[in-house]
Amino acid sequence: MPHDDHDHPHALLPPEPALRVKALETILTRKGLIDPAALDEIIDTYQNKIGPQNGARVVAKAWLDPDFKRALIEDATPVVADLGFYGRQGEHIVVVENTPEQHNMVVCTLCSCYPWPLLGIPPGWYKSDAYRARAVREPRKVLAEFGVTLSAETAVRVWDSTAEIRYLVLPMRPEGTEGLDEDALAALVTRDSMIGTGLPKVSA
């Protein structure tokens with residue numbers, strides 16, 4: 001018997017991902033399964049109130065405090081939890097440090113595991129099939145496309161996030177920032193620099 005029952009929700013969803021999400025939200029709202037206001041609040045929290053600001057604060061503190069940095073690299077989860085950054089998608093955080101000898105880059109090859117409490121909602125490109133496949137296969141080329149060109153002496157290590165582990169890259173502190181306080185340093189930290197696909201901003 002042909003499968004021509006167009007009352008199924010999946011038959012009503014358009015092919016484009018963004019439109020599919022909106023259509024699914026509409027269907028679930030009409031069925032009374034979700035509250036649009038609550039959904040908007042969750043999205044606003046992760047996209048605007050959290051965003052990458054929490055992660056930037058952690059990085060800036062690590063740049064200023066050697067003891068904090070040491071503890072962060074040794075076991076990041078309780079350290080960031082003490083700062084109030086914990087919860088869904090942040091159960092086990094591992095921090096990897098960029099150095100002149102090694103540049104770190106994070107991907108999730110199976111889905112889009114990401115440290116929400118520190119970085120907010122993952123960007124679209126992080127969830128794309130192209131990034132997930134190419135970051136492991138040709139990381140230097142992918143980095144170059146993001147505008148990051150490394151010297152041949154700098155090794156690139158790709159970390160694959162899992163359902164158990166979320167990674168945060170600790171970027172190198174920009175030169176000429178010795179006199180800046182934590183707020184000023186945090187303003188230099190970009191989301192992409194904490195994924196490894198970017199670098200911190202240069203201090204003016």
# chains A, B, ... in the order shown; residues from 1 in each chain; ligands from 1

$ residues_around --residues "A:Pro139" --least-positions-apart "3" --cutoff "9 Å" --atoms "only C-alpha atoms" --output "compact mmCIF listing (two decimals) with N, CA, C and O atoms, in the first residue's frame"
# COMPACT_ATOMS: atom_id res chain seq x y z
N MET A 105 41.78 22.36 18.15
CA MET A 105 40.56 22.64 17.40
C MET A 105 39.53 21.59 17.81
O MET A 105 39.85 20.41 17.97
N ARG A 134 35.41 17.52 7.52
CA ARG A 134 36.68 18.09 7.06
C ARG A 134 37.61 18.50 8.19
O ARG A 134 38.83 18.52 8.00
N ALA A 135 37.07 18.85 9.36
CA ALA A 135 37.93 19.30 10.46
C ALA A 135 38.93 18.22 10.86
O ALA A 135 40.07 18.52 11.22
N VAL A 136 38.51 16.99 10.77
CA VAL A 136 39.40 15.88 11.12
C VAL A 136 40.33 15.54 9.97
O VAL A 136 41.51 15.26 10.17
N VAL A 142 40.81 23.82 6.74
CA VAL A 142 39.61 24.39 7.36
C VAL A 142 39.97 25.64 8.16
O VAL A 142 39.28 26.67 8.08
N LEU A 143 41.05 25.59 8.91
CA LEU A 143 41.49 26.75 9.69
C LEU A 143 41.79 27.93 8.78
O LEU A 143 41.42 29.08 9.08
N ALA A 144 42.44 27.66 7.65
CA ALA A 144 42.75 28.73 6.71
C ALA A 144 41.48 29.39 6.18
O ALA A 144 41.44 30.61 5.98
N VAL A 156 48.73 20.81 14.74
CA VAL A 156 47.29 20.99 14.94
C VAL A 156 46.73 19.70 15.52
O VAL A 156 46.93 18.63 14.96
N ARG A 157 46.04 19.82 16.64
CA ARG A 157 45.39 18.65 17.23
C ARG A 157 43.88 18.88 17.25
O ARG A 157 43.41 19.92 17.72
N VAL A 158 43.14 17.92 16.74
CA VAL A 158 41.69 18.01 16.68
C VAL A 158 41.10 17.13 17.78
O VAL A 158 41.43 15.95 17.90

$ select_by_dssp --residues "stretch 35-114 of chain A" --states "alpha helix (DSSP H)" --output "VMD selection string"
chain A and resid 36 to 44 53 to 64 66 to 74 76 to 82

$ residues_around --residues "A:Tyr131" --least-positions-apart "2" --cutoff "12 Å" --atoms "only C-alpha atoms" --output "list of chain:residue names"
A:Met105, A:Val106, A:Val107, A:Cys108, A:Thr109, A:Leu110, A:Cys111, A:Ser112, A:Pro123, A:Gly124, A:Trp125, A:Tyr126, A:Lys127, A:Ser128, A:Asp129, A:Ala133, A:Arg134, A:Ala135, A:Val136, A:Arg137, A:Glu138, A:Pro139, A:Lys141, A:Val142, A:Leu143, A:Glu145, A:Phe146, A:Thr197

$ select_by_dssp --residues "stretch 113-194 of chain A" --states "strand (DSSP E or B)" --output "PyMOL selection string"
chain A and resi 155-160+166-170

$ atom_distance --atom1 "atom CA of A:Asn54" --atom2 "atom CA of A:Leu118"
4.9 Å

$ closest_residue --among "A:Gly120, A:Gly176, A:Gly196, A:Pro171" --to "A:Glu97" --atoms "only C-alpha atoms"
A:Pro171

$ closest_residue --among "A:Ile121, A:Thr99, A:Trp116, A:Gly55" --to "A:Arg173" --atoms "only C-alpha atoms"
A:Thr99

$ closest_residue --among "A:Leu150, A:Ala155, A:Ala163, A:Leu180" --to "A:Leu199" --atoms "only C-alpha atoms"
A:Leu150

$ atom_distance --atom1 "atom CA of A:Glu175" --atom2 "atom CA of A:Ile195"
20.2 Å
